[in-house]
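**Student:** I'm passing along structure.cif; it holds mmCIF, C-alpha atoms.
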data_input
#
loop_
_atom_site.group_PDB
_atom_site.id
_atom_site.type_symbol
_atom_site.label_atom_id
_atom_site.label_comp_id
_atom_site.auth_asym_id
_atom_site.auth_seq_id
_atom_site.Cartn_x
_atom_site.Cartn_y
_atom_site.Cartn_z
ATOM 1 C CA MET A 1452 120.440 84.174 126.227
ATOM 2 C CA SER A 1453 116.883 85.434 126.296
ATOM 3 C CA ASP A 1454 116.307 84.174 122.712
ATOM 4 C CA HIS A 1455 117.512 80.714 123.689
ATOM 5 C CA ALA A 1456 115.279 80.705 126.767
ATOM 6 C CA ASP A 1457 112.308 81.698 124.599
ATOM 7 C CA LEU A 1458 113.130 78.938 122.134
ATOM 8 C CA ASP A 1459 113.346 76.374 124.947
ATOM 9 C CA LYS A 1460 109.896 77.465 126.092
ATOM 10 C CA THR A 1461 108.593 77.200 122.513
ATOM 11 C CA VAL A 1462 109.991 73.674 122.142
ATOM 12 C CA ARG A 1463 108.340 72.650 125.424
ATOM 13 C CA THR A 1464 105.043 74.028 124.068
ATOM 14 C CA TYR A 1465 105.498 71.982 120.856
ATOM 15 C CA ILE A 1466 105.929 68.797 122.903
ATOM 16 C CA LEU A 1467 102.853 69.582 125.009
ATOM 17 C CA VAL A 1468 100.805 70.218 121.846
ATOM 18 C CA PHE A 1469 102.052 66.918 120.405
ATOM 19 C CA VAL A 1470 100.921 65.069 123.558
ATOM 20 C CA ALA A 1471 97.524 66.852 123.407
ATOM 21 C CA LEU A 1472 97.130 65.823 119.735
ATOM 22 C CA MET A 1473 97.913 62.195 120.588
ATOM 23 C CA VAL A 1474 95.345 62.257 123.399
ATOM 24 C CA GLY A 1475 92.874 63.893 121.002
ATOM 25 C CA THR A 1476 93.415 61.107 118.472
ATOM 26 C CA LEU A 1477 92.787 58.487 121.146
ATOM 27 C CA VAL A 1478 89.635 60.295 122.293
ATOM 28 C CA THR A 1479 88.414 60.533 118.662
ATOM 29 C CA VAL A 1480 88.754 56.764 118.192
ATOM 30 C CA LEU A 1481 87.134 55.988 121.576
ATOM 31 C CA ALA A 1482 84.290 58.467 120.995
ATOM 32 C CA ALA A 1483 83.458 56.725 117.707
ATOM 33 C CA GLU A 1484 82.722 53.586 119.746
ATOM 34 C CA LEU A 1485 80.053 55.361 121.822
ATOM 35 C CA ASP A 1486 76.509 54.178 121.244
ATOM 36 C CA VAL A 1487 75.001 57.545 120.275
ATOM 37 C CA SER A 1488 72.892 58.821 117.375
ATOM 38 C CA VAL A 1489 74.651 59.602 114.071
ATOM 39 C CA PRO A 1490 74.174 63.424 114.327
ATOM 40 C CA LEU A 1491 75.605 63.414 117.872
ATOM 41 C CA ALA A 1492 78.519 61.174 116.837
ATOM 42 C CA ILE A 1493 79.293 63.551 113.930
ATOM 43 C CA THR A 1494 79.112 66.570 116.268
ATOM 44 C CA ILE A 1495 81.468 64.962 118.800
ATOM 45 C CA GLY A 1496 83.903 63.756 116.107
ATOM 46 C CA LEU A 1497 84.059 67.106 114.330
ATOM 47 C CA PHE A 1498 84.377 68.998 117.629
ATOM 48 C CA ILE A 1499 87.452 66.970 118.618
ATOM 49 C CA ALA A 1500 88.896 67.352 115.094
ATOM 50 C CA THR A 1501 88.368 71.129 115.277
ATOM 51 C CA VAL A 1502 90.144 71.337 118.647
ATOM 52 C CA LYS A 1503 93.076 69.307 117.254
ATOM 53 C CA ALA A 1504 93.226 71.409 114.080
ATOM 54 C CA SER A 1505 93.188 74.606 116.173
ATOM 55 C CA LEU A 1506 96.161 73.355 118.186
ATOM 56 C CA VAL A 1507 98.109 72.634 114.977
ATOM 57 C CA ALA A 1508 97.200 76.019 113.477
ATOM 58 C CA CYS A 1509 97.849 78.078 116.625
ATOM 59 C CA PHE A 1510 101.114 76.509 117.795
ATOM 60 C CA PHE A 1511 102.773 74.527 114.986
ATOM 61 C CA MET A 1512 101.775 77.102 112.346
ATOM 62 C CA HIS A 1513 102.464 79.988 114.779
ATOM 63 C CA LEU A 1514 99.061 81.569 114.177
ATOM 64 C CA ILE A 1515 98.846 82.519 117.835
ATOM 65 C CA ASP A 1516 101.485 85.184 117.162
ATOM 66 C CA GLU A 1517 101.092 86.247 113.545
ATOM 67 C CA LYS A 1518 100.843 89.515 111.643
ATOM 68 C CA ARG A 1519 97.479 91.178 111.131
ATOM 69 C CA VAL A 1520 97.484 90.767 107.326
ATOM 70 C CA ILE A 1521 97.548 86.966 107.742
ATOM 71 C CA TYR A 1522 94.566 87.087 110.107
ATOM 72 C CA TRP A 1523 92.622 89.177 107.579
ATOM 73 C CA ALA A 1524 93.442 86.804 104.724
ATOM 74 C CA LEU A 1525 92.346 83.827 106.834
ATOM 75 C CA ALA A 1526 89.175 85.573 108.016
ATOM 76 C CA LEU A 1527 88.202 86.232 104.394
ATOM 77 C CA THR A 1528 88.967 82.622 103.486
ATOM 78 C CA GLY A 1529 86.925 81.436 106.486
ATOM 79 C CA ALA A 1530 83.937 83.509 105.352
ATOM 80 C CA PHE A 1531 84.056 82.017 101.846
ATOM 81 C CA LEU A 1532 84.563 78.530 103.287
ATOM 82 C CA VAL A 1533 81.488 78.879 105.497
ATOM 83 C CA ALA A 1534 79.463 80.000 102.461
ATOM 84 C CA LEU A 1535 80.834 77.109 100.424
ATOM 85 C CA VAL A 1536 79.796 74.521 103.025
ATOM 86 C CA ALA A 1537 76.592 76.263 104.155
ATOM 87 C CA LEU A 1538 75.061 76.621 100.670
ATOM 88 C CA PRO A 1539 74.758 72.884 99.944
ATOM 89 C CA LEU A 1540 73.588 72.320 103.523
ATOM 90 C CA LEU A 1541 70.966 75.021 103.105
ATOM 91 C CA THR A 1542 69.665 73.562 99.839
ATOM 92 C CA SER A 1543 69.386 70.194 101.550
ATOM 93 C CA VAL A 1544 67.446 71.707 104.480
ATOM 94 C CA ILE A 1545 65.119 73.567 102.086
ATOM 95 C CA ASP A 1546 64.621 70.333 100.153
ATOM 96 C CA GLN A 1547 63.787 68.486 103.369
ATOM 97 C CA LEU A 1548 61.349 71.240 104.410
ATOM 98 C CA GLY A 1549 59.657 71.078 100.991
ATOM 99 C CA HIS A 1550 59.419 67.323 101.346
ATOM 100 C CA PHE A 1551 57.912 67.753 104.831
ATOM 101 C CA THR A 1552 55.345 70.446 103.936
ATOM 102 C CA SER A 1553 54.191 68.684 100.758
ATOM 103 C CA GLY A 1554 53.474 65.582 102.813
ATOM 104 C CA GLY A 1555 56.203 63.389 101.440
ATOM 105 C CA GLY A 1556 56.511 64.284 97.779
ATOM 106 C CA ALA A 1557 59.002 66.950 96.775
ATOM 107 C CA GLU A 1558 58.254 69.013 93.687
ATOM 108 C CA PRO A 1559 59.820 67.509 90.583
ATOM 109 C CA HIS A 1560 62.526 69.733 89.058
ATOM 110 C CA MET B 1205 119.105 93.155 90.451
ATOM 111 C CA GLU B 1206 118.282 91.888 93.927
ATOM 112 C CA ILE B 1207 114.714 90.955 94.777
ATOM 113 C CA PRO B 1208 113.633 92.963 97.834
ATOM 114 C CA TYR B 1209 112.042 91.499 100.996
ATOM 115 C CA THR B 1210 113.246 87.920 100.539
ATOM 116 C CA VAL B 1211 114.540 87.886 104.107
ATOM 117 C CA GLU B 1212 113.743 91.276 105.610
ATOM 118 C CA ALA B 1213 110.091 92.123 106.279
ATOM 119 C CA HIS B 1214 108.128 94.446 104.019
ATOM 120 C CA PRO B 1215 107.379 97.650 105.976
ATOM 121 C CA GLU B 1216 103.680 97.567 105.039
ATOM 122 C CA THR B 1217 102.877 93.971 106.023
ATOM 123 C CA GLY B 1218 105.678 93.107 108.436
ATOM 124 C CA LEU B 1219 106.221 89.901 106.429
ATOM 125 C CA ASN B 1220 108.728 88.756 103.833
ATOM 126 C CA ASN B 1221 107.693 87.595 100.343
ATOM 127 C CA GLY B 1222 107.850 83.901 101.133
ATOM 128 C CA LYS B 1223 105.660 84.127 104.222
ATOM 129 C CA ILE B 1224 102.900 86.079 102.536
ATOM 130 C CA GLY B 1225 103.153 83.847 99.460
ATOM 131 C CA ILE B 1226 102.786 80.589 101.370
ATOM 132 C CA TRP B 1227 99.810 81.882 103.375
ATOM 133 C CA LEU B 1228 98.008 83.037 100.224
ATOM 134 C CA PHE B 1229 98.698 79.629 98.694
ATOM 135 C CA LEU B 1230 97.310 77.933 101.810
ATOM 136 C CA THR B 1231 94.114 79.994 101.621
ATOM 137 C CA SER B 1232 93.589 78.639 98.086
ATOM 138 C CA GLU B 1233 94.202 75.149 99.452
ATOM 139 C CA VAL B 1234 91.551 75.709 102.125
ATOM 140 C CA MET B 1235 89.061 76.497 99.358
ATOM 141 C CA LEU B 1236 90.141 73.439 97.342
ATOM 142 C CA PHE B 1237 89.611 71.016 100.216
ATOM 143 C CA GLY B 1238 86.584 73.034 101.372
ATOM 144 C CA ALA B 1239 84.919 72.410 98.002
ATOM 145 C CA LEU B 1240 85.596 68.687 98.355
ATOM 146 C CA PHE B 1241 84.220 68.620 101.919
ATOM 147 C CA ALA B 1242 81.096 70.420 100.638
ATOM 148 C CA THR B 1243 80.829 67.737 97.932
ATOM 149 C CA PHE B 1244 81.188 65.074 100.607
ATOM 150 C CA ILE B 1245 78.309 66.613 102.589
ATOM 151 C CA MET B 1246 76.102 66.738 99.467
ATOM 152 C CA LEU B 1247 76.840 63.117 98.593
ATOM 153 C CA ARG B 1248 76.197 61.956 102.159
ATOM 154 C CA LEU B 1249 72.935 63.899 102.499
ATOM 155 C CA GLY B 1250 71.739 62.778 99.083
ATOM 156 C CA SER B 1251 72.544 59.105 99.555
ATOM 157 C CA ASP B 1252 68.968 58.175 100.577
ATOM 158 C CA GLY B 1253 70.164 56.322 103.664
ATOM 159 C CA GLN B 1254 72.636 54.221 101.659
ATOM 160 C CA TRP B 1255 75.730 55.914 103.100
ATOM 161 C CA ALA B 1256 76.141 53.606 106.120
ATOM 162 C CA HIS B 1257 75.733 50.595 103.841
ATOM 163 C CA MET B 1258 78.367 51.871 101.367
ATOM 164 C CA GLN B 1259 80.712 52.725 104.270
ATOM 165 C CA GLU B 1260 80.311 49.254 105.762
ATOM 166 C CA GLU B 1261 80.902 47.651 102.374
ATOM 167 C CA ALA B 1262 84.103 49.649 101.857
ATOM 168 C CA GLU B 1263 85.605 48.091 105.026
ATOM 169 C CA LEU B 1264 88.138 50.838 105.667
ATOM 170 C CA ASN B 1265 90.972 49.825 107.954
ATOM 171 C CA ILE B 1266 90.598 51.937 111.133
ATOM 172 C CA PRO B 1267 93.762 50.674 112.936
ATOM 173 C CA LEU B 1268 95.936 51.513 109.897
ATOM 174 C CA ALA B 1269 94.331 54.944 109.573
ATOM 175 C CA THR B 1270 94.910 55.563 113.299
ATOM 176 C CA ILE B 1271 98.592 54.675 112.879
ATOM 177 C CA ASN B 1272 98.743 57.053 109.912
ATOM 178 C CA THR B 1273 97.219 59.826 112.034
ATOM 179 C CA ILE B 1274 99.860 59.265 114.716
ATOM 180 C CA VAL B 1275 102.621 59.233 112.060
ATOM 181 C CA LEU B 1276 101.476 62.538 110.540
ATOM 182 C CA ILE B 1277 101.153 64.224 113.942
ATOM 183 C CA ALA B 1278 104.643 62.974 114.842
ATOM 184 C CA SER B 1279 105.921 64.411 111.543
ATOM 185 C CA SER B 1280 104.470 67.802 112.466
ATOM 186 C CA LEU B 1281 106.464 67.678 115.703
ATOM 187 C CA THR B 1282 109.698 66.755 113.887
ATOM 188 C CA MET B 1283 109.012 69.584 111.421
ATOM 189 C CA VAL B 1284 108.813 72.258 114.130
ATOM 190 C CA MET B 1285 111.824 70.714 115.861
ATOM 191 C CA ALA B 1286 113.764 71.012 112.586
ATOM 192 C CA TRP B 1287 112.856 74.697 112.388
ATOM 193 C CA ALA B 1288 113.756 75.253 116.076
ATOM 194 C CA SER B 1289 117.137 73.562 115.451
ATOM 195 C CA LEU B 1290 117.870 76.016 112.641
ATOM 196 C CA MET B 1291 116.879 78.902 114.906
ATOM 197 C CA ARG B 1292 119.520 77.614 117.342
ATOM 198 C CA GLY B 1293 122.077 77.259 114.544
ATOM 199 C CA GLN B 1294 122.287 73.458 114.867
ATOM 200 C CA LEU B 1295 122.613 72.166 111.303
ATOM 201 C CA GLY B 1296 123.087 68.519 112.323
ATOM 202 C CA ARG B 1297 119.926 68.415 114.427
ATOM 203 C CA PHE B 1298 118.027 70.245 111.676
ATOM 204 C CA LYS B 1299 118.991 67.524 109.204
ATOM 205 C CA LEU B 1300 118.067 64.788 111.669
ATOM 206 C CA PHE B 1301 114.581 66.201 112.259
ATOM 207 C CA GLY B 1302 114.201 67.136 108.585
ATOM 208 C CA TRP B 1303 114.858 63.590 107.405
ATOM 209 C CA ALA B 1304 112.624 62.257 110.194
ATOM 210 C CA THR B 1305 109.815 64.392 108.774
ATOM 211 C CA VAL B 1306 110.426 63.072 105.249
ATOM 212 C CA GLY B 1307 110.592 59.535 106.671
ATOM 213 C CA CYS B 1308 107.242 59.938 108.438
ATOM 214 C CA GLY B 1309 105.750 61.089 105.132
ATOM 215 C CA GLY B 1310 107.172 57.943 103.524
ATOM 216 C CA ILE B 1311 105.660 55.707 106.242
ATOM 217 C CA PHE B 1312 102.300 57.425 105.726
ATOM 218 C CA LEU B 1313 102.417 56.726 101.991
ATOM 219 C CA VAL B 1314 103.462 53.082 102.446
ATOM 220 C CA ILE B 1315 100.505 52.511 104.798
ATOM 221 C CA LYS B 1316 98.232 54.288 102.310
ATOM 222 C CA TYR B 1317 99.576 52.007 99.564
ATOM 223 C CA PHE B 1318 98.606 48.926 101.603
ATOM 224 C CA GLU B 1319 95.172 50.413 102.257
ATOM 225 C CA TYR B 1320 94.566 51.159 98.574
ATOM 226 C CA THR B 1321 95.818 47.799 97.303
ATOM 227 C CA ALA B 1322 93.574 46.003 99.849
ATOM 228 C CA LYS B 1323 90.616 47.954 98.454
ATOM 229 C CA PHE B 1324 91.515 47.148 94.844
ATOM 230 C CA ALA B 1325 91.954 43.455 95.733
ATOM 231 C CA HIS B 1326 88.318 43.464 96.895
ATOM 232 C CA ASP B 1327 87.172 45.163 93.687
ATOM 233 C CA HIS B 1328 86.600 48.446 95.500
ATOM 234 C CA PHE B 1329 87.311 51.209 93.001
ATOM 235 C CA PRO B 1330 86.357 54.879 92.788
ATOM 236 C CA SER B 1331 83.699 53.840 90.274
ATOM 237 C CA SER B 1332 82.128 51.325 92.699
ATOM 238 C CA ASN B 1333 79.936 53.847 94.564
ATOM 239 C CA THR B 1334 79.824 57.502 95.600
ATOM 240 C CA TYR B 1335 81.361 56.779 99.016
ATOM 241 C CA LEU B 1336 84.458 55.191 97.478
ATOM 242 C CA ALA B 1337 84.564 57.877 94.769
ATOM 243 C CA ILE B 1338 84.859 60.710 97.289
ATOM 244 C CA TYR B 1339 87.103 58.590 99.544
ATOM 245 C CA PHE B 1340 89.657 57.963 96.788
ATOM 246 C CA THR B 1341 89.404 61.550 95.495
ATOM 247 C CA MET B 1342 90.032 63.210 98.854
ATOM 248 C CA THR B 1343 92.580 60.791 100.303
ATOM 249 C CA GLY B 1344 94.316 60.588 96.897
ATOM 250 C CA LEU B 1345 94.586 64.364 96.637
ATOM 251 C CA HIS B 1346 95.846 64.443 100.217
ATOM 252 C CA ALA B 1347 98.475 61.783 99.396
ATOM 253 C CA LEU B 1348 99.654 63.956 96.456
ATOM 254 C CA HIS B 1349 100.102 66.801 98.931
ATOM 255 C CA VAL B 1350 102.146 64.507 101.174
ATOM 256 C CA ILE B 1351 104.405 63.668 98.189
ATOM 257 C CA GLY B 1352 104.772 67.387 97.387
ATOM 258 C CA GLY B 1353 105.602 68.216 101.013
ATOM 259 C CA MET B 1354 108.156 65.402 101.170
ATOM 260 C CA ALA B 1355 109.901 66.647 98.022
ATOM 261 C CA TRP B 1356 109.955 70.202 99.386
ATOM 262 C CA ASN B 1357 111.352 69.127 102.782
ATOM 263 C CA ALA B 1358 113.840 66.712 101.211
ATOM 264 C CA TYR B 1359 115.242 69.528 99.072
ATOM 265 C CA PHE B 1360 115.830 71.881 102.017
ATOM 266 C CA THR B 1361 117.173 69.108 104.241
ATOM 267 C CA GLY B 1362 119.495 67.874 101.486
ATOM 268 C CA PRO B 1363 120.984 70.117 98.769
ATOM 269 C CA GLY B 1364 119.112 73.255 99.875
ATOM 270 C CA SER B 1365 120.739 73.172 103.318
ATOM 271 C CA LYS B 1366 123.953 74.596 101.783
ATOM 272 C CA LEU B 1367 122.253 77.938 102.252
ATOM 273 C CA PHE B 1368 122.962 77.537 105.992
ATOM 274 C CA HIS B 1369 126.571 78.601 105.403
ATOM 275 C CA THR B 1370 125.761 81.672 103.305
ATOM 276 C CA ASN B 1371 122.368 82.941 104.472
ATOM 277 C CA ARG B 1372 121.123 81.087 107.539
ATOM 278 C CA GLN B 1373 118.067 83.313 108.092
ATOM 279 C CA TRP B 1374 116.857 82.726 104.536
ATOM 280 C CA LEU B 1375 117.088 78.945 105.022
ATOM 281 C CA THR B 1376 115.297 79.207 108.390
ATOM 282 C CA ASP B 1377 112.472 81.203 106.780
ATOM 283 C CA ARG B 1378 112.180 78.769 103.877
ATOM 284 C CA VAL B 1379 112.006 75.830 106.273
ATOM 285 C CA GLU B 1380 109.303 77.659 108.226
ATOM 286 C CA HIS B 1381 107.323 78.080 104.981
ATOM 287 C CA SER B 1382 107.662 74.435 103.967
ATOM 288 C CA GLY B 1383 106.640 73.610 107.543
ATOM 289 C CA LEU B 1384 103.471 75.673 107.175
ATOM 290 C CA PHE B 1385 102.535 73.584 104.133
ATOM 291 C CA TRP B 1386 103.377 70.359 105.968
ATOM 292 C CA HIS B 1387 101.229 71.303 108.984
ATOM 293 C CA PHE B 1388 98.368 72.158 106.632
ATOM 294 C CA VAL B 1389 98.609 68.647 105.155
ATOM 295 C CA ASP B 1390 98.465 67.274 108.720
ATOM 296 C CA LEU B 1391 95.502 69.526 109.488
ATOM 297 C CA VAL B 1392 93.534 68.230 106.486
ATOM 298 C CA TRP B 1393 94.161 64.639 107.581
ATOM 299 C CA ILE B 1394 92.884 65.478 111.092
ATOM 300 C CA PHE B 1395 89.479 66.049 109.434
ATOM 301 C CA LEU B 1396 89.702 63.278 106.820
ATOM 302 C CA PHE B 1397 90.365 60.624 109.461
ATOM 303 C CA PRO B 1398 87.116 60.904 111.462
ATOM 304 C CA VAL B 1399 85.002 61.878 108.446
ATOM 305 C CA PHE B 1400 85.854 58.766 106.415
ATOM 306 C CA TYR B 1401 86.889 56.165 108.965
ATOM 307 C CA LEU B 1402 84.907 56.849 112.115
ATOM 308 C CA LEU B 1403 81.645 58.692 111.432
#
As a first step, turn the structure in this file into structure tokens.
**Tutor:**
Amino acid sequence: MSDHADLDKTVRTYILVFVALMVGTLVTVLAAELDVSVPLAITIGLFIATVKASLVACFFMHLIDEKRVIYWALALTGAFLVALVALPLLTSVIDQLGHFTSGGGAEPH
Amino acid sequence: MEIPYTVEAHPETGLNNGKIGIWLFLTSEVMLFGALFATFIMLRLGSDGQWAHMQEEAELNIPLATINTIVLIASSLTMVMAWASLMRGQLGRFKLFGWATVGCGGIFLVIKYFEYTAKFAHDHFPSSNTYLAIYFTMTGLHALHVIGGMAWNAYFTGPGSKLFHTNRQWLTDRVEHSGLFWHFVDLVWIFLFPVFYLL
């Protein structure tokens, strides 16, 4: 009885998450129409995408109630992912700084 | 010889083999798509202001991509409903939601087919420019994942569902694992959609 009640609650949560994801999709499309700068538009778009992805991961993929070993594996993956994305970004920033300090001409490689 | 921990949890991790296996696989998938997103960032930053021009020239179909986003999110709901049906012991409902999930995957691919053929008709190929190159690479790889997920779900909804009568918990676990993969595919699209079509 209790298991069935829990499952009913879980199914209701799934439907709520689905509605939230649909609203999120609508907001993503509408936000793209806003007349804002490109960096701000990217920030808004990726923020909404991250919220939607978190909902999928937490509720549909049951990460909200998972074993510790899974969290550790994902934390390690997250750390490597951040490094993977940050390194090219960092090189680009350094390149831009070099371009700025040398008054417009970056050092040839 | 029987393989241990196929259904019952390993005492050290609290997880069965399939669950730990699928999560480790998904971590490798995160790195695969992560590398491609890093490539995307490099190409965009190094495009010398040509990115917006290339994006405009590509004329991606935003309404179709929005429909595809809705279809994939709906398929994630049917996937968890299929799993919940198995938890309740309802084989008929499981099959209904299982086939609905496979069907949503099919709709996604058909829409993608129309998108791709429209691009090819306008001489837009991966070799045309860096924007289209990364667009076709990432959405193409994602579409391959959709095909893989459909095959996996179709097997458990069809012939694999016989396991319901002999070892229901094993089938439920396997469906949960295929669901984890399917949700990951949905999750990747949640980022691909704004990155390519809207920003």
**Student:** Which distance in Å separates CA of Glu1380 in chain B and CA of Met1473 in chain A, to one decimal?
**Tutor:** 22.8 Å
**Student:** Name the residues that the PyMOL selection byres ((chain A) within 7 of (chain B)) pulls out of this structure, and write them as a list in words.
**Tutor:** Tyr1465, Phe1469, Met1473, Ala1483, Ala1492, Ile1493, Gly1496, Ala1500, Ala1504, Val1507, Phe1511, Met1512, Lys1518, Val1520, Leu1525, Thr1528, Leu1532, Leu1535, Val1536 and Pro1539 of chain A
**Student:** Which of these residues is nearest to Trp1255 in chain B, using only C-alpha atoms: A:Ser1543, A:Ala1524, A:Leu1506, A:Val1489?
**Tutor:**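 So, comparing all the options, the nearest one is A:Val1489.
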**Student:** I want to know what sits within 12 Å of Gly1352 in chain B, based on all atoms listed in the file, with residues of the same chain fewer than 6 positions away left out; could you give that as a PDB file with C-alpha atoms, keeping the file's coordinate frame?
**Tutor:**
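out_33.pdb was written with the following content:
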ATOM      1  CA  VAL B1306     110.426  63.072 105.249  1.00  0.00           C
ATOM      2  CA  GLY B1309     105.750  61.089 105.132  1.00  0.00           C
ATOM      3  CA  GLY B1310     107.172  57.943 103.524  1.00  0.00           C
ATOM      4  CA  LEU B1313     102.417  56.726 101.991  1.00  0.00           C
ATOM      5  CA  LEU B1345      94.586  64.364  96.637  1.00  0.00           C
ATOM      6  CA  HIS B1346      95.846  64.443 100.217  1.00  0.00           C
ATOM      7  CA  ALA B1358     113.840  66.712 101.211  1.00  0.00           C
ATOM      8  CA  TYR B1359     115.242  69.528  99.072  1.00  0.00           C
ATOM      9  CA  SER B1382     107.662  74.435 103.967  1.00  0.00           C
ATOM     10  CA  PHE B1385     102.535  73.584 104.133  1.00  0.00           C
ATOM     11  CA  TRP B1386     103.377  70.359 105.968  1.00  0.00           C
ATOM     12  CA  VAL B1389      98.609  68.647 105.155  1.00  0.00           C
TER      13      VAL B1389
END
**Student:** As JSON, what would the box around range 1511-1521 of chain A look like: edges along x, y and z, 4 Å added on every side, centre and edge lengths in Å to one decimal?
**Tutor:**
{"center_x": 100.1, "center_y": 82.9, "center_z": 112.6, "size_x": 13.3, "size_y": 24.7, "size_z": 18.5}
**Student:** Running the PyMOL selection byres ((chain B and resi 1333) around 12) on this model by hand, what would come out? Give it as a ChimeraX atom specification.
**Tutor:** /B:1247-1248,1251,1254-1255,1257-1259,1261-1262,1327-1332,1334-1340
**Student:** Using the selection just defined, write its residues with C-alpha atoms as a CSV table (one decimal), in the frame of the given file.
**Tutor:**
chain,number,residue,atom,x,y,z
B,1247,LEU,CA,76.8,63.1,98.6
B,1248,ARG,CA,76.2,62.0,102.2
B,1251,SER,CA,72.5,59.1,99.6
B,1254,GLN,CA,72.6,54.2,101.7
B,1255,TRP,CA,75.7,55.9,103.1
B,1257,HIS,CA,75.7,50.6,103.8
B,1258,MET,CA,78.4,51.9,101.4
B,1259,GLN,CA,80.7,52.7,104.3
B,1261,GLU,CA,80.9,47.7,102.4
B,1262,ALA,CA,84.1,49.6,101.9
B,1327,ASP,CA,87.2,45.2,93.7
B,1328,HIS,CA,86.6,48.4,95.5
B,1329,PHE,CA,87.3,51.2,93.0
B,1330,PRO,CA,86.4,54.9,92.8
B,1331,SER,CA,83.7,53.8,90.3
B,1332,SER,CA,82.1,51.3,92.7
B,1334,THR,CA,79.8,57.5,95.6
B,1335,TYR,CA,81.4,56.8,99.0
B,1336,LEU,CA,84.5,55.2,97.5
B,1337,ALA,CA,84.6,57.9,94.8
B,1338,ILE,CA,84.9,60.7,97.3
B,1339,TYR,CA,87.1,58.6,99.5
B,1340,PHE,CA,89.7,58.0,96.8
